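I have placed the structure first, in the form of structure tokens, so that the comments after it can refer back to it.
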Amino acid sequence: MTLIRDYYAEHNSSRDLADAARRAMDAGEYDLAREEVARLAVELEDHWQGEEGGLFAVMVERYPDDFADYIRPLVEEHRALAAFLATLDVTDASHRQAFADEVLELHEHMLREEDSLFPASVVTFDGQDWTRAIDGWQQAHPDRELIAD
Ligand SMILES: [Fe+2]
Ligand SMILES: [Fe+2]
């Protein structure tokens, strides 16, 4: 499913940006680390908007008994990480450790989506559901197109 491929690609991009930020922090290159964190925050905000306004919205509205309890904590984790990144001071050692912990949690968050939620949507959604989910993703990425076949 093409939309799922885009979500995967956004996860990979987020992992790469988080790794780059960590490497810059480890090297004491704090200006670079700040730039990588800022890029990560933008990438994640777009990704989260695409999930919450796309796949998640359809899952919760159309199949609430199956998915609402699973999706609620995922959305809360989006908000918590956004708040953390907004206050992150890369020159503070305790913040850098907290960032490393947050990145591990982000990896786990993405695995929950990749191993459970995305496959569940593939076996549950009908054509109309995909159209709505893709519309939500498109609104979050007005200047992008889905990955082509
Ligand atoms: Fe997510
Ligand atoms: Fe995600």
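Following the order of the structure tokens, chains are lettered A, B, ..., residues in each are numbered from 1, and ligands are numbered from 1.
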Residue neighbourhood Gly28 (chain A), 12 Å, only C-alpha atoms, exclusion window fewer than 4 positions, as a list in words
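Surrounding residues, per the criterion: Ala21, Arg22, Arg23, Ala24, Leu32, Ala33, Arg34, Val90, Thr91, Asp92, Ala93 and Arg96 of chain A.
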Picked from chain A by DSSP as alpha helix (DSSP H), as a PyMOL selection string
chain A and resi 2-26+30-50+56-62+64-87+93-112+118-124+127-140
Distance filter 9 Å around ligand 1, atoms: only C-alpha atoms and all ligand atoms, out as a PyMOL selection string:
chain A and resi 11+44+47-48+51-52+71+74-75+77-78+106+109-110+112-113
How would the residues just picked look written out with N, CA and C atoms as a PDB file, in the first residue's frame?
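Just written: out_28.pdb:
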ATOM      1  N   HIS A  11       9.494   7.383   8.722  1.00  0.00           N
ATOM      2  CA  HIS A  11      10.140   6.808   9.913  1.00  0.00           C
ATOM      3  C   HIS A  11      11.650   6.715   9.696  1.00  0.00           C
ATOM      4  N   LEU A  44       9.088  15.296  12.013  1.00  0.00           N
ATOM      5  CA  LEU A  44       8.121  14.581  12.848  1.00  0.00           C
ATOM      6  C   LEU A  44       6.763  15.276  12.861  1.00  0.00           C
ATOM      7  N   HIS A  47       5.060  14.345   9.779  1.00  0.00           N
ATOM      8  CA  HIS A  47       4.721  12.911   9.826  1.00  0.00           C
ATOM      9  C   HIS A  47       3.527  12.676  10.748  1.00  0.00           C
ATOM     10  N   TRP A  48       3.564  13.297  11.918  1.00  0.00           N
ATOM     11  CA  TRP A  48       2.479  13.095  12.886  1.00  0.00           C
ATOM     12  C   TRP A  48       1.160  13.640  12.351  1.00  0.00           C
ATOM     13  N   GLU A  51      -0.126  11.142   9.979  1.00  0.00           N
ATOM     14  CA  GLU A  51      -0.702   9.963  10.647  1.00  0.00           C
ATOM     15  C   GLU A  51      -2.044  10.315  11.289  1.00  0.00           C
ATOM     16  N   GLU A  52      -2.032  11.371  12.100  1.00  0.00           N
ATOM     17  CA  GLU A  52      -3.221  11.696  12.898  1.00  0.00           C
ATOM     18  C   GLU A  52      -4.389  12.150  12.028  1.00  0.00           C
ATOM     19  N   ILE A  71      -4.490   3.663  19.529  1.00  0.00           N
ATOM     20  CA  ILE A  71      -3.996   4.888  18.900  1.00  0.00           C
ATOM     21  C   ILE A  71      -3.842   6.027  19.909  1.00  0.00           C
ATOM     22  N   LEU A  74      -0.405   6.524  21.248  1.00  0.00           N
ATOM     23  CA  LEU A  74       0.517   6.937  20.189  1.00  0.00           C
ATOM     24  C   LEU A  74       0.435   8.450  19.973  1.00  0.00           C
ATOM     25  N   VAL A  75      -0.786   8.978  19.970  1.00  0.00           N
ATOM     26  CA  VAL A  75      -0.954  10.424  19.770  1.00  0.00           C
ATOM     27  C   VAL A  75      -0.386  11.187  20.974  1.00  0.00           C
ATOM     28  N   GLU A  77       2.072  10.276  22.759  1.00  0.00           N
ATOM     29  CA  GLU A  77       3.531  10.238  22.626  1.00  0.00           C
ATOM     30  C   GLU A  77       4.017  11.258  21.597  1.00  0.00           C
ATOM     31  N   HIS A  78       3.244  11.453  20.536  1.00  0.00           N
ATOM     32  CA  HIS A  78       3.603  12.516  19.579  1.00  0.00           C
ATOM     33  C   HIS A  78       3.704  13.863  20.301  1.00  0.00           C
ATOM     34  N   LEU A 106      11.234   6.660  20.710  1.00  0.00           N
ATOM     35  CA  LEU A 106      10.695   6.920  19.370  1.00  0.00           C
ATOM     36  C   LEU A 106      10.845   5.681  18.489  1.00  0.00           C
ATOM     37  N   HIS A 109       8.184   3.343  19.511  1.00  0.00           N
ATOM     38  CA  HIS A 109       6.900   3.871  19.030  1.00  0.00           C
ATOM     39  C   HIS A 109       6.701   3.507  17.549  1.00  0.00           C
ATOM     40  N   MET A 110       7.738   3.732  16.765  1.00  0.00           N
ATOM     41  CA  MET A 110       7.629   3.458  15.334  1.00  0.00           C
ATOM     42  C   MET A 110       7.486   1.970  15.068  1.00  0.00           C
ATOM     43  N   ARG A 112       5.971  -0.150  17.013  1.00  0.00           N
ATOM     44  CA  ARG A 112       4.582  -0.498  17.318  1.00  0.00           C
ATOM     45  C   ARG A 112       3.683  -0.200  16.116  1.00  0.00           C
ATOM     46  N   GLU A 113       3.962   0.932  15.450  1.00  0.00           N
ATOM     47  CA  GLU A 113       3.168   1.268  14.264  1.00  0.00           C
ATOM     48  C   GLU A 113       3.476   0.319  13.108  1.00  0.00           C
TER      49      GLU A 113
END
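Within the 10 Å cut-off around Leu81 (chain A), using only C-alpha atoms and omitting residues fewer than 4 positions from it on the same chain, the listed residues are Ala41, Leu44, Glu76, Glu77, Leu85, Ala86, Phe99, Glu102, Val103, Glu105 and Leu106 of chain A.
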Out of A:Ala148, A:Gln49, A:Asp31, A:Tyr70, which residue has the shortest atom-to-atom distance to Leu117 (chain A) when counting only C-alpha atoms?
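Counting only C-alpha atoms, the residue closest to Leu117 (chain A) is A:Tyr70.
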Counting only C-alpha atoms and all ligand atoms, the option among A:Trp130, A:Tyr63, A:Tyr30, A:Trp137 closest to ligand 2:
A:Trp137
Of A:Ser14, A:Gly50, A:Arg39, A:Val58, the one nearest to Pro142 (chain A) when counting only C-alpha atoms is A:Gly50
Can you tell me, as a short mmCIF file (atom, residue, chain, number, x, y, z; two decimals) with N, CA, C and O atoms, in the first residue's frame, what residues are no more than 12 Å from Tyr8 (chain A) when counting only C-alpha atoms, ignoring any on the same chain fewer than 2 positions away?
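To be explicit, this is the file written out as out-v1.cif:
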data_model
loop_
_atom_site.label_atom_id
_atom_site.label_comp_id
_atom_site.auth_asym_id
_atom_site.auth_seq_id
_atom_site.Cartn_x
_atom_site.Cartn_y
_atom_site.Cartn_z
N MET A 1 0.85 -1.20 0.00
CA MET A 1 0.00 0.00 0.00
C MET A 1 0.88 1.24 0.00
O MET A 1 1.73 1.40 0.86
N THR A 2 0.62 2.09 -0.96
CA THR A 2 1.56 3.20 -1.18
C THR A 2 1.64 4.16 0.02
O THR A 2 2.72 4.63 0.36
N LEU A 3 0.51 4.45 0.68
CA LEU A 3 0.56 5.35 1.83
C LEU A 3 1.46 4.79 2.94
O LEU A 3 2.23 5.53 3.56
N ILE A 4 1.36 3.48 3.16
CA ILE A 4 2.18 2.85 4.20
C ILE A 4 3.67 2.98 3.86
O ILE A 4 4.50 3.20 4.74
N ARG A 5 3.99 2.88 2.58
CA ARG A 5 5.39 3.06 2.17
C ARG A 5 5.89 4.45 2.54
O ARG A 5 7.03 4.63 2.94
N ASP A 6 5.02 5.45 2.40
CA ASP A 6 5.42 6.81 2.77
C ASP A 6 5.64 6.93 4.27
O ASP A 6 6.60 7.57 4.72
N GLU A 10 9.10 8.01 6.05
CA GLU A 10 9.20 9.11 7.02
C GLU A 10 9.82 8.61 8.32
O GLU A 10 10.58 9.34 8.97
N HIS A 11 9.49 7.38 8.72
CA HIS A 11 10.14 6.81 9.91
C HIS A 11 11.65 6.71 9.70
O HIS A 11 12.43 7.09 10.58
N ASN A 12 12.05 6.19 8.54
CA ASN A 12 13.48 6.05 8.27
C ASN A 12 14.18 7.39 8.27
O ASN A 12 15.29 7.54 8.81
N SER A 13 13.54 8.38 7.68
CA SER A 13 14.12 9.72 7.65
C SER A 13 14.25 10.27 9.09
O SER A 13 15.26 10.89 9.44
N SER A 14 13.24 10.05 9.91
CA SER A 14 13.29 10.52 11.30
C SER A 14 14.40 9.82 12.08
O SER A 14 15.12 10.46 12.86
N ARG A 15 14.55 8.51 11.85
CA ARG A 15 15.62 7.78 12.53
C ARG A 15 16.99 8.34 12.12
O ARG A 15 17.87 8.53 12.97
N HIS A 47 5.06 14.34 9.78
CA HIS A 47 4.72 12.91 9.83
C HIS A 47 3.53 12.68 10.75
O HIS A 47 2.59 11.94 10.40
N GLU A 51 -0.13 11.14 9.98
CA GLU A 51 -0.70 9.96 10.65
C GLU A 51 -2.04 10.31 11.29
O GLU A 51 -3.05 9.63 11.10
N MET A 110 7.74 3.73 16.77
CA MET A 110 7.63 3.46 15.33
C MET A 110 7.49 1.97 15.07
O MET A 110 6.75 1.57 14.15
N LEU A 111 8.16 1.14 15.86
CA LEU A 111 8.02 -0.31 15.68
C LEU A 111 6.59 -0.76 15.98
O LEU A 111 6.06 -1.65 15.31
N GLU A 113 3.96 0.93 15.45
CA GLU A 113 3.17 1.27 14.26
C GLU A 113 3.48 0.32 13.11
O GLU A 113 2.57 -0.17 12.43
N GLU A 114 4.77 0.05 12.90
CA GLU A 114 5.17 -0.76 11.74
C GLU A 114 4.76 -2.22 11.89
O GLU A 114 4.38 -2.87 10.91
N ASP A 115 4.83 -2.74 13.12
CA ASP A 115 4.57 -4.17 13.32
C ASP A 115 3.10 -4.46 13.57
O ASP A 115 2.65 -5.59 13.35
N PHE A 118 0.12 -0.52 11.11
CA PHE A 118 0.10 -0.44 9.65
C PHE A 118 -0.42 -1.77 9.05
O PHE A 118 -1.29 -1.73 8.17
N PRO A 119 0.11 -2.93 9.49
CA PRO A 119 -0.44 -4.19 8.95
C PRO A 119 -1.94 -4.33 9.22
O PRO A 119 -2.67 -4.84 8.36
N LEU A 146 2.77 11.11 -3.05
CA LEU A 146 3.07 9.78 -2.53
C LEU A 146 4.17 9.13 -3.37
O LEU A 146 4.30 9.42 -4.55
N ILE A 147 4.95 8.26 -2.71
CA ILE A 147 5.98 7.52 -3.43
C ILE A 147 5.33 6.75 -4.57
O ILE A 147 4.33 6.05 -4.36
#
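One finds CA of Asp46 (chain A) at 25.2 Å from CA of Gln97 (chain A).
Using only C-alpha atoms and all ligand atoms, the shortest contact distance between ligand 2 and any of A:Met25, A:Val37, A:Ala140, A:Leu55 is found at A:Leu55.
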Between A:Asp19, A:Thr124, A:His95, A:Phe56, which has the minimum distance to ligand 2 (counting only C-alpha atoms and all ligand atoms)?
A:Phe56
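CA of Met59 (chain A) sits 7.5 Å away from CA of Ser121 (chain A).
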If you measure from CA of Arg79 (chain A) to atom 1 (Fe, counted along the ligand's line) of ligand 2, what distance in Å do you get, rounded to one decimal?
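These atoms are spaced 12.6 Å apart.
Remark: for ligand 2, the closest of the candidate residues A:Glu108, A:Asp65, A:Glu29, A:Glu36 is A:Glu108 (distances computed over only C-alpha atoms and all ligand atoms).
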